[in-house]
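Chemist: I'd like to ask some things about the structure below.
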Amino acid sequence: MTKSSAVFRVGTRASKLALVQTRETLEHFKGIFPGITFEAIPTSTPGDRDRTSDLRKSPSDFFTRDLDEAVMSGKIDCAIHSAKDMPDPLPDGLDWFWLPWREDPRDVIVVPAGKSTNDIPDKPRIGASSERRETWCRKRFPEAQLCNIRGSIEERLVQLDQGNYDIIIMAAAALIRLGLEDRISEWIPMEDMQAPDGQGILAITFKTGNERFLRLRSLFTKTVNFVGAGVGSADNCTMAGIKALQRCDACLYDLLMDHALLDYLPANALRVDTGKRCGSHSMLQVAISGLITMYARKGMRVVRLKGGDPGIFGRLAEEIEALDALHLPYKVIPGVSSLNTATSGTGMLLTRRGVSRGFCVMTPRQQNGGTGSVQKDERAKLPITFFMGVSVTEEVIRQLLEEGMPGNTPAAMVFSTGTDSETIIRGTLNDIGKKIKGDASSCAELPHDMPGLFIVGEITKFGFNKTWGALQGYRILLTCSDDLQAKASDIVTDLGGIPVKLPLIKLIPEPNAMKQIKSMDQFHWLVLTSPSSVRCFFDLFDKTGENTKVLPKIIVCGPGTERELRKYRVIPEVAPASDFGAGGLTEIAAKLVKSGQTILRLRSNKAGPDLAEFLRTLGARVTDCVLYRNDPISYDTLPEFDAVFFASASAVEVFVSQWGRKSLQGKIITAIGRPTCESLAENNLNADVVGREATVASSIETLAEKYVNEALEK
């Protein structure tokens with residue numbers, strides 16, 4: 001990556017804690033943005049200069065004001081804050097986001113050095129700096145004398161040790177970041193005292209509209225999903241909608257939907273009832289949009305769950321506009337609307353051969369709540385949609401123009417809607433026909449009979465912006481096997497890309513491995529070197545009817561394999577702390593494996609016997625068993641893509657055999673680890689991106705970082 005002359009000036013408070021937090025953040029940034037220089041600029045704030053005022057009565061910007069004024073004036077490019085110190089709302093002209101590197105949010109009890117909680121007197125003097133902490137102290141220590149306390153973390157500890165207090169209540173995160181966790185005397189459970197929003201979290205503020213920081217922020221925000229709940233029963237929500245609910249951190253939902261859908265949410269997901277009902281809104285639209293953008297900037301996976309289909313009378317446009325204004329990524333998952341259930345579901349079909357070739361949909365309700373006209377002249381202004389093939393486009397346009405529709409009326413043709421290959425061609429009635437036929441240089445020629453939706457009207461001027469995420473709407477070809485496709489697709493979507501699913505290998509369990517799996521009690525060690533091997537192993541192991549207690553000690557090659565193993569409630573004996581390939585595994589095996597021990601090495605037919613041979617050099621008796629085969633999958637065509645992700649050497653081989661090396665010219669190649677890179681090299685190809693860790697998540701996140709770095713360095 002080329003060196004950039006860009007320097008970002010980062011403001012921070014001058015306290016030791018603030019400087020430590022900023023230094024840690026800039027170290028993270030240095031790894032992610034190697035071409036950018038980040039310069040820390042210490043600045044004092046009112047809270048630093050005023051060490052006596054009661055924090056309970058201080059202004060909301062007591063610890064942020066001067067820093068944010070410096071951002072607004074251009075003296076610094078951004079400021080790093082403790083998220084809990086930020087005022088709500090922020091001053092006009094400032095934007096923000098939370099960082100993902102977080103410490104424990106709980107509060108703790110700290111007693112004087114050399115003492116324990118057993119030494120706390122019956123009527124202790126307690127230093128607390130907030131009403132929240134004082135309320136907890138009154139419950140825990142009814143006879144306590146509550147005292148205000150001010151100063152830096154170090155100054156508060158000095159006051160405690162000098163005998164000014166018997167106890168002080170502090171944030172664990174501050175002590176941990178300063179390397180003072182040994183001063184923690186007792187942790188306070190979250191159920192006893194809820195931590196304030198943002199405790200243990202760092203945030204960045206920057207000037208609204210700053211293109212560089214909007215682009216930088218895209219790495220730390222996830223795509224907001226607008227999900228159509230369907231109408232009536234939860235059964236009318238799509239599988240894609242349910243999947244989004246199962247992964248979300250915050251769900252904002254309407255009243256007019258089946259609340260059984262909320263059962264799909266994770267137990268710890270935030271649930272927000274927006275109370276929207278026809279003619280009676282308990283929450284204003286601007287407030288709903290504000291919550292969506294707030295949760296998104298906190299790095300949460302947000303689902304906006306809307307009754308029916310979100311795009312039909314669902315005020316989706318206002319919420320999308322709020323995200324567009326802040327360059328925050330989003331995706332819309334359509335739902336089954338009342339239009340579908342009231343017609344297709346009842347037999348009153350909107351289209352019936354010989355009876356009806358189309359239909360008109362509109363609402364008599366105006367924006368202000370009144371009743372508007374539904375007469376002929378108003379209906380004539382509605383957009384028109386034609387279900388048709390390319391071959392009849394010109395005839396439809398001719399009839400519309402002859403009828404008197406202006407030639408500059410906007411129009412669009414949508415092909416393969418809802419698929420990875422969705423294509424939209426826009427124009428006017430005057431030129432859309434040529435563009436569709438391929439006469440325009442911007443469009444390749446289309447098959448004469450290719451079906452599509454031809455839409456005419458002002459609505460075709462609009463569209464969803466797919467460039468706010470870190471991956472900027474780029475099409476990422478995912479060649480991994482089916483069992484990794486869902487995870488890879490989710491990560492691409494979170495980062496604002498378009499996943500193009502094209503599994504090139506199929507994992508086929510090897511029946512002959514069953515003999516060894518039935519004899520697990522004969523082995524001292526089991527070696528598994530990929531998440532796929534874990535899944536295939538348990539597919540076969542479950543058929544034995546045995547309990548996991550019969551399993552020997554397990555060695556895995558990295559965090560991805562370890563996480564997969566834990567899904568089956570099995571914990572490996574050890575996993576490499578770094579070097580997640582064979583090198584890291586051989587290093588730890590050399591320390592653990594004893595001569596004469598028995599080892600079962602399970603692998604794919606492509607992995608090779610090298611690891612087993614190494615284990616034998618340790619004096620172990622190794623059974624090298626093929627657990628599954630990597631069988632190739634063939635396709636007739638290669639879809640359009642901007643970057644490709646190879647999760648295995650096998651996928652590289654299959655891709656090159658089907659489409660050749662030239663099909664990768666001008667594409668960004670992403671590889672999961674060393675074996676995949678070696679396979680690329682054998683085919684005279686180089687990986688443009690290699691994940692810092694040999695995992696799906698790290699590989700795709702590193703690809704996103706490449707796109708963001710290129711934008712920042714321009």
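Labels for the structure tokens follow display order: chains A, B, ..., residues from 1 in each chain, ligands from 1.
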With range 477-486 of chain A as the partner and 12 Å as the cut-off, tabulate the residues of range 213-254 of chain A that qualify, each row holding the nearest pair of atoms and their distance in Å to one decimal, using only C-alpha atoms, sorted by chain and rising number, as a tab-separated table.
Modeler:
residue	atom	partner	partner_atom	distance
A:Ala240	CA	A:Ala486	CA	11.2
A:Lys243	CA	A:Ala486	CA	10.1
A:Ala244	CA	A:Ala486	CA	11.7
A:Arg247	CA	A:Ala486	CA	11.9
Chemist: From a DSSP pass on the backbone, collect the residues of range 64-261 of chain A flagged as strand (DSSP E) and hand them back as a VMD selection string.
Modeler: chain A and resid 78 to 82 94 to 98 107 to 110 125 to 127 145 to 147 167 to 171 186 to 187 202 to 207 224 to 228 250 to 253
Chemist: Can you tell me, as a PyMOL selection string, which residues in range 183-353 of chain A count as helix (DSSP H, G or I) by DSSP?
Modeler: chain A and resi 183+211-217+234-236+239-247+259-264+285-297+316-325+338-343
Chemist: Of the candidates A:Gly232, A:Arg9, A:Asp88, A:Lys506, which one gets nearest to Ala342 in chain A if we count only C-alpha atoms?
Modeler: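 Distance minimum relative to Ala342 in chain A lands on A:Gly232.
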Chemist: Residues at most 9 Å from range 353-359 of chain A, counting only C-alpha atoms, excluding those fewer than 4 positions away in the same chain, as a list in words?
Modeler: Leu349, Thr385 and Phe386 of chain A
Chemist: Those same residues - N, CA and C atoms - I'd like them written as a PDB file, in the first residue's frame.
Modeler:
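Output below, filename result25.pdb:
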ATOM      1  N   LEU A 349     -58.038 -12.326  -7.588  1.00  0.00           N
ATOM      2  CA  LEU A 349     -56.737 -12.131  -8.220  1.00  0.00           C
ATOM      3  C   LEU A 349     -56.678 -10.822  -8.989  1.00  0.00           C
ATOM      4  N   THR A 385     -46.508   0.218 -14.032  1.00  0.00           N
ATOM      5  CA  THR A 385     -45.548  -0.878 -14.110  1.00  0.00           C
ATOM      6  C   THR A 385     -46.060  -1.920 -15.097  1.00  0.00           C
ATOM      7  N   PHE A 386     -45.198  -2.297 -16.043  1.00  0.00           N
ATOM      8  CA  PHE A 386     -45.547  -3.311 -17.036  1.00  0.00           C
ATOM      9  C   PHE A 386     -44.681  -4.551 -16.819  1.00  0.00           C
TER      10      PHE A 386
END
Chemist: Pick out the residues sitting within 8 Å of range 664-675 of chain A, and hand them over as a short mmCIF file (atom, residue, chain, number, x, y, z; two decimals) with C-alpha atoms, in the first residue's frame; count only C-alpha atoms, and ignore anything fewer than 4 positions along from it in its own chain.
Modeler:
data_model
loop_
_atom_site.label_atom_id
_atom_site.label_comp_id
_atom_site.auth_asym_id
_atom_site.auth_seq_id
_atom_site.Cartn_x
_atom_site.Cartn_y
_atom_site.Cartn_z
CA GLY A 581 -2.02 -22.41 9.84
CA PHE A 641 -18.32 -9.21 -9.67
CA ASP A 642 -15.78 -6.63 -8.45
CA ALA A 643 -13.83 -8.74 -5.96
CA VAL A 644 -13.58 -12.44 -5.24
CA PHE A 645 -13.11 -14.24 -1.92
CA PHE A 646 -11.35 -17.60 -1.99
CA ALA A 647 -11.75 -19.53 1.28
CA SER A 648 -9.73 -22.56 0.18
CA ALA A 649 -7.08 -23.76 -2.25
CA GLY A 660 -9.28 -19.28 -16.43
CA SER A 679 -2.71 -22.23 -4.74
CA ASN A 686 -1.45 -13.07 -6.52
CA ALA A 687 -3.76 -12.26 -3.63
CA ASP A 688 -4.44 -8.54 -3.31
CA VAL A 689 -5.86 -9.05 0.18
CA VAL A 690 -5.03 -11.65 2.82
CA GLY A 691 -6.89 -11.60 6.13
CA GLU A 693 -6.34 -14.02 10.59
CA ALA A 694 -7.20 -17.09 8.54
CA THR A 695 -10.95 -16.63 9.09
CA VAL A 696 -13.86 -15.64 6.87
CA SER A 699 -10.55 -11.83 5.28
CA ILE A 700 -13.65 -9.89 4.25
CA LEU A 703 -10.93 -6.39 2.00
#
Chemist: When you look at Leu270 in chain A with a cut-off of 9 Å (counting only C-alpha atoms), what residues show up, excluding the ones that are within fewer than 3 positions of it in the same chain? I need them as an mmCIF file with N, CA and C atoms, in the first residue's frame.
Modeler:
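out.cif, written as the output of this step:
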data_model
loop_
_atom_site.group_PDB
_atom_site.id
_atom_site.type_symbol
_atom_site.label_atom_id
_atom_site.label_comp_id
_atom_site.auth_asym_id
_atom_site.auth_seq_id
_atom_site.Cartn_x
_atom_site.Cartn_y
_atom_site.Cartn_z
ATOM 1 N N CYS A 248 -29.917 -9.399 14.914
ATOM 2 C CA CYS A 248 -29.904 -7.961 15.195
ATOM 3 C C CYS A 248 -29.601 -7.658 16.654
ATOM 4 N N ASP A 249 -29.110 -6.426 16.891
ATOM 5 C CA ASP A 249 -28.830 -5.918 18.233
ATOM 6 C C ASP A 249 -29.937 -4.996 18.721
ATOM 7 N N ALA A 250 -30.614 -4.332 17.784
ATOM 8 C CA ALA A 250 -31.688 -3.406 18.145
ATOM 9 C C ALA A 250 -32.796 -3.517 17.109
ATOM 10 N N CYS A 251 -34.029 -3.687 17.573
ATOM 11 C CA CYS A 251 -35.178 -3.829 16.675
ATOM 12 C C CYS A 251 -36.210 -2.763 17.010
ATOM 13 N N LEU A 252 -36.537 -1.930 16.033
ATOM 14 C CA LEU A 252 -37.593 -0.939 16.181
ATOM 15 C C LEU A 252 -38.805 -1.464 15.408
ATOM 16 N N LEU A 265 -35.803 -12.637 17.972
ATOM 17 C CA LEU A 265 -34.713 -11.757 18.374
ATOM 18 C C LEU A 265 -33.799 -12.449 19.381
ATOM 19 N N PRO A 266 -32.503 -12.153 19.358
ATOM 20 C CA PRO A 266 -31.622 -12.653 20.415
ATOM 21 C C PRO A 266 -32.100 -12.148 21.776
ATOM 22 N N ALA A 267 -31.821 -12.902 22.817
ATOM 23 C CA ALA A 267 -32.323 -12.564 24.153
ATOM 24 C C ALA A 267 -31.876 -11.183 24.611
#
Chemist: With a distance cut-off of 7 Å and only C-alpha atoms, select the neighbouring residues of range 414-425 of chain A, excluding the residue or stretch itself and same-chain residues fewer than 3 positions from it, and output the selection as a PDB file with C-alpha atoms, in the first residue's frame.
Modeler:
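Below is the file out_32.pdb, written as the result:
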ATOM      1  CA  ILE A 436     -32.615  -1.512 -23.239  1.00  0.00           C
ATOM      2  CA  PRO A 451     -38.347 -10.621 -19.049  1.00  0.00           C
ATOM      3  CA  GLY A 452     -38.309  -7.528 -16.885  1.00  0.00           C
ATOM      4  CA  LEU A 453     -40.418  -4.890 -15.171  1.00  0.00           C
ATOM      5  CA  PHE A 454     -40.868  -1.677 -17.150  1.00  0.00           C
ATOM      6  CA  VAL A 500     -22.680 -12.916  -5.005  1.00  0.00           C
TER       7      VAL A 500
END
Chemist: Report, in Å to a single decimal, how far apart CA of Asp95 in chain A and CA of Leu291 in chain A are.
Modeler: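 Here the two named atoms are 14.4 Å from each other.
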Chemist: Enter the distance from CA of Gly433 in chain A to CA of Glu394 in chain A, in Å, rounded to one decimal.
Modeler: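 Separation between CA of Gly433 in chain A and CA of Glu394 in chain A: 5.9 Å.
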